[in-house]
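First the structure, in the form of structure tokens, and then the observations on it.
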Amino acid sequence: MTKDLTRGSPMRLILGFGIPALFGYLFQQLYNVVDTAIVGKTLGGAALAAVGSTGSINFLVVGFCAGVCGGFSIPVAQRFGAGEEQELRRYVTNGVWLCTAIGAALTAATVLFCGAILTGMNTPADIYPRAYAYIAAIFAGLPAYFLYNFTAGVLRALGDSRTPVIWLIAASLVNIALDIVFILNFRMDVFGAALATVLAQLLAGAGCLVRMITGYPVLRMERADWRLEKARLKELCVMGLPMGLQYSITAIGSVMIQTAVNGLGTVYVTAVTAASKVSMFICCPFDAMGCTMATYGGQNVGAKQWERLHQGVRACALLGAVYAGIALAVLCLFADPLNMLFLDAQSAPLLPLARQYLLTSALFFFPLSLVNIVRFMIQGMGFSPLATLAGLFEMLARGGLSLLVPVFGFTAACFASPAAWILADLFLLPAYLYCYRKLTQPGGRGRKKPAPLRSAGM
């Protein structure tokens with residue numbers, strides 16, 4: 001089930017790899033969608049606001065986990081493209097050691113300080129207890145997120161985007177069942193929704209791990225492969241930590257916006273929560289494009305197929321433009337029914353606010369597609385630290401708009417993400433051309449003989 005992305009039509013390969021990845025992202029979002037829908041429909045608007053008020057800090061921490069694991073998979077993709085199987089295995093094992101250490105430290109720190117974080121975000125007092133119960137349970141389950149994201153990242157680096165989807169489908173079904181049992185039968189409130197999500201994520205990670213162990217001869221480790229190697233650990237950190245920080249830096253801006261929205265009151269928090277859930281689901285194709293570009297770029301850099309990098313970016317950008325137009329049309333027609341999936345009847349008066357937030361973002365979906373396509377291509381090419389700077393620009397844009405919320409109100413919050421995407425693109429497009437030249441110019445790092453223990457990153 002491995003897939004070589006260094007030969008054949010880029011458009012066909014991107015679709016063949018990206019469509020299974022898309023289903024993976026859709027089912028991963030289904031975790032949150034099911035939790036939120038059941039919480040909103042059965043526990044009411046206040047419970048929905050409690051879960052929604054943790055969305056940005058949830059994205060900050062869980063996004064860091066996903067980014068780190070995604071970065072750890074890039075050297076694996078590059079070694080796969082170069083046909084260096086022993087090097088591939090040793091990057092995987094050293095990635096395991098790093099995920100174990102980082103996961104343990106992050107879990108302890110976030111559980112310990114989650115109360116202080118919610119207080120610092122001006123979480124309204126009437127929803128604080130529920131918000132704490134939900135996010136503390138998510139943070140306690142971070143090892144499950146590391147397990148899934150790392151194993152899925154390794155499988156995708158080998159070109160297998162199907163196995164993670166299969167296990168996410170199974171996990172989503174389990175998540176729905178556990179939501180019903182924990183919330184409706186056991187009366188566990190929002191804590192039950194969080195617990196269901198963590199257990200479902202654990203199932204998906206365990207399934208991918210079993211597939212790695214039993215399904216791929218290239219991943220059959222020998223005792224020597226498990227040695228800690230300083231050079232490989234360093235390269236993995238150079239690739240993984242910037243990607244994790246990229247998510248976190250981006251999320252800091254989201255935390256600032258969330259804090260500003262929290263200051264407007266529970267009504268606005270509820271509206272933004274519903275619209276954000278719809279938006280995250282609609283934007284899954286853009287996430288799949290980014291995932292595809294990281295693997296596509298990594299394999300083609302490993303194989304020194306330079307001309308295919310531009311071809312891949314152009315093909316994926318075309319897909320992004322087409323989908324952005326379709327998504328905008330769908331949301332213009334069905335914004336209210338989609339938002340009502342997460343609102344109860346008493347919260348229906350909030351629909352104009354939720355619609356405004358959702359459609360403002362949808363007008364700028366093509367810039368969002370470029371953010372994912374170009375940033376992840378840069379990372380796959382081995383320049384993770386440079387790609388991280390795009391997250392800094394997103395943070396600055398969202399942070400700047402958050403300062404305008406007290407002056408211009410809810411409208412400023414609606415334009416925060418579009419401003420972030422545009423500013424990031426203004427940096428990423430020339431950055432990609434710079435990285436390409438660094439790889440392809442005579443004497444550039446891409447023209448040198450591959451050194452197994454050195455990264456192509458900065």
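By convention in this document, the chains of the structure tokens carry letters A, B, ... by their order, each chain's residues are numbered from 1, and ligands are numbered from 1 in the order they are shown.
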Spatial neighbours of Tyr268 (chain A), max dist 10 Å, only C-alpha atoms, sep filter under 4 positions, as a VMD selection string
chain A and resid 49 261 to 264 272 to 273 350 353 to 354 410
Skip Glu307 (chain A) itself and residues of its chain fewer than 3 positions away, then list as a short mmCIF file (atom, residue, chain, number, x, y, z; two decimals) with all heavy atoms, in the first residue's frame all residues within 12 Å of it, counting only C-alpha atoms.
data_model
loop_
_atom_site.label_atom_id
_atom_site.label_comp_id
_atom_site.auth_asym_id
_atom_site.auth_seq_id
_atom_site.Cartn_x
_atom_site.Cartn_y
_atom_site.Cartn_z
N THR A 6 6.89 10.10 -6.93
CA THR A 6 7.95 10.71 -7.74
C THR A 6 7.80 10.40 -9.23
O THR A 6 8.61 10.87 -10.03
CB THR A 6 9.33 10.24 -7.26
OG1 THR A 6 9.46 8.82 -7.49
CG2 THR A 6 9.51 10.51 -5.78
N ARG A 7 6.81 9.63 -9.60
CA ARG A 7 6.60 9.28 -11.00
C ARG A 7 5.12 9.37 -11.33
O ARG A 7 4.27 9.01 -10.52
CB ARG A 7 7.08 7.85 -11.30
CG ARG A 7 8.57 7.63 -11.08
CD ARG A 7 8.95 6.18 -11.41
NE ARG A 7 10.37 5.93 -11.20
CZ ARG A 7 10.90 5.57 -10.03
NH1 ARG A 7 10.11 5.43 -8.98
NH2 ARG A 7 12.19 5.37 -9.91
N PRO A 10 1.30 14.53 -11.73
CA PRO A 10 1.13 15.12 -10.39
C PRO A 10 -0.34 15.26 -9.99
O PRO A 10 -0.69 14.96 -8.85
CB PRO A 10 1.81 16.49 -10.53
CG PRO A 10 2.86 16.28 -11.57
CD PRO A 10 2.23 15.34 -12.56
N GLY A 297 6.20 16.66 -1.60
CA GLY A 297 7.45 17.40 -1.60
C GLY A 297 8.60 16.61 -1.02
O GLY A 297 9.71 16.60 -1.57
N ASN A 300 9.73 13.77 -3.50
CA ASN A 300 10.38 14.27 -4.72
C ASN A 300 11.71 14.95 -4.43
O ASN A 300 12.62 14.90 -5.26
CB ASN A 300 9.43 15.21 -5.47
CG ASN A 300 8.40 14.45 -6.29
OD1 ASN A 300 8.71 13.93 -7.36
ND2 ASN A 300 7.18 14.37 -5.77
N VAL A 301 11.85 15.57 -3.26
CA VAL A 301 13.16 16.09 -2.87
C VAL A 301 14.14 14.94 -2.65
O VAL A 301 15.29 14.98 -3.08
CB VAL A 301 13.05 16.97 -1.62
CG1 VAL A 301 14.43 17.25 -1.02
CG2 VAL A 301 12.38 18.30 -1.98
N ALA A 303 14.09 12.10 -4.08
CA ALA A 303 14.42 11.54 -5.39
C ALA A 303 15.06 12.56 -6.33
O ALA A 303 15.35 12.23 -7.48
CB ALA A 303 13.16 10.97 -6.03
N LYS A 304 15.22 13.81 -5.87
CA LYS A 304 15.81 14.89 -6.68
C LYS A 304 15.01 15.17 -7.95
O LYS A 304 15.57 15.49 -9.00
CB LYS A 304 17.27 14.59 -7.01
CG LYS A 304 18.19 14.51 -5.80
CD LYS A 304 19.63 14.34 -6.21
CE LYS A 304 20.54 14.29 -4.98
NZ LYS A 304 20.51 15.55 -4.21
N HIS A 310 7.23 22.30 -8.78
CA HIS A 310 6.36 23.32 -9.36
C HIS A 310 5.09 22.70 -9.93
O HIS A 310 3.99 23.25 -9.77
CB HIS A 310 7.09 24.06 -10.49
CG HIS A 310 8.08 25.09 -10.02
ND1 HIS A 310 8.06 25.62 -8.75
CD2 HIS A 310 9.11 25.70 -10.67
CE1 HIS A 310 9.04 26.51 -8.62
NE2 HIS A 310 9.70 26.57 -9.78
N GLN A 311 5.23 21.56 -10.58
CA GLN A 311 4.06 20.91 -11.17
C GLN A 311 3.03 20.56 -10.09
O GLN A 311 1.82 20.74 -10.28
CB GLN A 311 4.48 19.64 -11.92
CG GLN A 311 5.35 19.92 -13.14
CD GLN A 311 5.94 18.64 -13.73
OE1 GLN A 311 5.65 17.53 -13.27
NE2 GLN A 311 6.79 18.80 -14.74
N GLY A 312 3.51 20.07 -8.98
CA GLY A 312 2.61 19.71 -7.89
C GLY A 312 1.91 20.91 -7.28
O GLY A 312 0.70 20.86 -6.99
N VAL A 313 2.64 22.00 -7.09
CA VAL A 313 2.03 23.21 -6.53
C VAL A 313 0.95 23.75 -7.46
O VAL A 313 -0.15 24.12 -7.02
CB VAL A 313 3.11 24.28 -6.26
CG1 VAL A 313 2.46 25.63 -5.93
CG2 VAL A 313 4.01 23.86 -5.11
N ARG A 314 1.24 23.80 -8.76
CA ARG A 314 0.25 24.31 -9.71
C ARG A 314 -1.00 23.44 -9.73
O ARG A 314 -2.13 23.95 -9.73
CB ARG A 314 0.86 24.40 -11.11
CG ARG A 314 1.85 25.54 -11.30
CD ARG A 314 2.14 25.79 -12.77
NE ARG A 314 2.80 24.64 -13.38
CZ ARG A 314 4.12 24.51 -13.50
NH1 ARG A 314 4.91 25.47 -13.03
NH2 ARG A 314 4.64 23.46 -14.09
N TYR A 436 13.05 26.75 -3.42
CA TYR A 436 13.28 26.04 -4.67
C TYR A 436 14.65 26.38 -5.23
O TYR A 436 15.39 25.49 -5.68
CB TYR A 436 12.17 26.38 -5.67
CG TYR A 436 12.26 25.61 -6.97
CD1 TYR A 436 11.72 24.34 -7.08
CD2 TYR A 436 12.90 26.17 -8.08
CE1 TYR A 436 11.80 23.63 -8.27
CE2 TYR A 436 12.99 25.47 -9.26
CZ TYR A 436 12.43 24.20 -9.36
OH TYR A 436 12.53 23.50 -10.53
N ARG A 437 14.99 27.65 -5.21
CA ARG A 437 16.31 28.05 -5.72
C ARG A 437 17.44 27.46 -4.88
O ARG A 437 18.47 27.05 -5.41
CB ARG A 437 16.42 29.58 -5.76
CG ARG A 437 15.60 30.24 -6.88
CD ARG A 437 16.03 31.68 -7.09
NE ARG A 437 15.79 32.49 -5.90
CZ ARG A 437 14.67 33.15 -5.66
NH1 ARG A 437 13.67 33.11 -6.54
NH2 ARG A 437 14.53 33.88 -4.58
N LEU A 439 17.47 24.67 -3.42
CA LEU A 439 17.61 23.24 -3.74
C LEU A 439 18.21 23.02 -5.12
O LEU A 439 18.96 22.06 -5.33
CB LEU A 439 16.25 22.55 -3.66
CG LEU A 439 15.65 22.32 -2.26
CD1 LEU A 439 14.23 21.80 -2.39
CD2 LEU A 439 16.50 21.35 -1.46
N THR A 440 17.89 23.88 -6.06
CA THR A 440 18.19 23.58 -7.46
C THR A 440 19.38 24.34 -8.03
O THR A 440 19.90 23.95 -9.09
CB THR A 440 16.97 23.88 -8.35
OG1 THR A 440 16.61 25.26 -8.21
CG2 THR A 440 15.79 23.02 -7.94
#
Could you pull the residues within 8 Å of region 315-331 of chain A, counting only C-alpha atoms, minus those fewer than 6 positions along the same chain, as a VMD selection string?
chain A and resid 10 to 11 14 282 286 289 358 to 359 362 to 363 365 to 366 369 to 370 373
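Picture a line from CA of Ser53 (chain A) to CA of Gly244 (chain A); it runs 21.9 Å.
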What's around Ala196 (chain A) at 9 Å? Count only C-alpha atoms, leave out sequence neighbours fewer than 6 positions away in its own chain, and write the answer as a ChimeraX atom specification.
/A:31,35,174-179,182
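We find CA of Asp425 (chain A) and CA of Cys283 (chain A) to be spaced 17.0 Å apart.
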Which is closest to Pro164 (chain A) among A:Ala140, A:Leu26, A:Leu233, A:Ala294, if we use only C-alpha atoms?
A:Leu26
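With only C-alpha atoms as the atoms that count, the residue of A:Thr411, A:Thr292, A:Gln78, A:Ser279 with the shortest distance to Ile19 (chain A) is A:Thr292.
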Can you check which parts of region 30-145 of chain A lie within 10 Å of region 252-258 of chain A? Per residue, the shortest pair of atoms and distance in Å to one decimal, counting only C-alpha atoms, sorted by chain and number, as a Markdown table.
| residue | atom | partner | partner_atom | distance |
| --- | --- | --- | --- | --- |
| A:Gly52 | CA | A:Gln258 | CA | 9.3 |
| A:Ser53 | CA | A:Gln258 | CA | 7.1 |
| A:Thr54 | CA | A:Gln258 | CA | 8.6 |
| A:Gly55 | CA | A:Gln258 | CA | 8.3 |
| A:Ser56 | CA | A:Val255 | CA | 5.1 |
| A:Ile57 | CA | A:Val255 | CA | 6.3 |
| A:Asn58 | CA | A:Val255 | CA | 9.5 |
| A:Phe59 | CA | A:Ser254 | CA | 8.6 |
| A:Leu60 | CA | A:Ile252 | CA | 6.8 |
| A:Met121 | CA | A:Val255 | CA | 7.4 |
| A:Asn122 | CA | A:Gln258 | CA | 9.1 |
| A:Thr123 | CA | A:Gln258 | CA | 9.2 |
Please produce a file of those selected residues containing N, CA, C and O atoms, as a compact mmCIF listing (two decimals), in the first residue's frame.
# COMPACT_ATOMS: atom_id res chain seq x y z
N GLY A 52 -16.96 25.31 23.22
CA GLY A 52 -16.42 26.21 22.20
C GLY A 52 -15.38 27.17 22.75
O GLY A 52 -14.43 27.53 22.04
N SER A 53 -15.52 27.57 24.01
CA SER A 53 -14.56 28.52 24.58
C SER A 53 -13.18 27.92 24.72
O SER A 53 -12.20 28.65 24.88
N THR A 54 -13.07 26.59 24.64
CA THR A 54 -11.77 25.92 24.74
C THR A 54 -11.18 25.62 23.37
O THR A 54 -10.08 25.06 23.27
N GLY A 55 -11.90 26.00 22.30
CA GLY A 55 -11.48 25.59 20.96
C GLY A 55 -10.09 26.07 20.58
O GLY A 55 -9.28 25.31 20.03
N SER A 56 -9.78 27.33 20.88
CA SER A 56 -8.48 27.87 20.47
C SER A 56 -7.34 27.26 21.26
O SER A 56 -6.29 26.93 20.69
N ILE A 57 -7.52 27.06 22.56
CA ILE A 57 -6.44 26.45 23.36
C ILE A 57 -6.31 24.97 23.02
O ILE A 57 -5.21 24.40 23.04
N ASN A 58 -7.44 24.35 22.68
CA ASN A 58 -7.41 22.96 22.22
C ASN A 58 -6.59 22.86 20.93
O ASN A 58 -5.71 21.99 20.78
N PHE A 59 -6.85 23.78 20.01
CA PHE A 59 -6.10 23.79 18.74
C PHE A 59 -4.62 24.07 18.98
O PHE A 59 -3.76 23.50 18.32
N LEU A 60 -4.33 24.94 19.93
CA LEU A 60 -2.93 25.27 20.22
C LEU A 60 -2.15 24.02 20.63
O LEU A 60 -1.07 23.74 20.11
N MET A 121 -7.91 33.56 29.71
CA MET A 121 -8.67 33.79 28.48
C MET A 121 -10.02 34.45 28.72
O MET A 121 -10.84 34.55 27.82
N ASN A 122 -10.26 34.90 29.95
CA ASN A 122 -11.52 35.57 30.30
C ASN A 122 -12.73 34.68 30.06
O ASN A 122 -13.79 35.15 29.62
N THR A 123 -12.59 33.38 30.31
CA THR A 123 -13.71 32.46 30.14
C THR A 123 -14.85 32.90 31.05
O THR A 123 -14.66 33.07 32.26
A:Ala50, A:Ala419, A:Val374, A:Ala431: which is nearest Ala125 (chain A), counting only C-alpha atoms?
A:Ala50
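Using only C-alpha atoms, the shortest contact distance between Tyr134 (chain A) and any of A:Gly115, A:Gly8, A:Gly120, A:Pro217 is found at A:Gly115.
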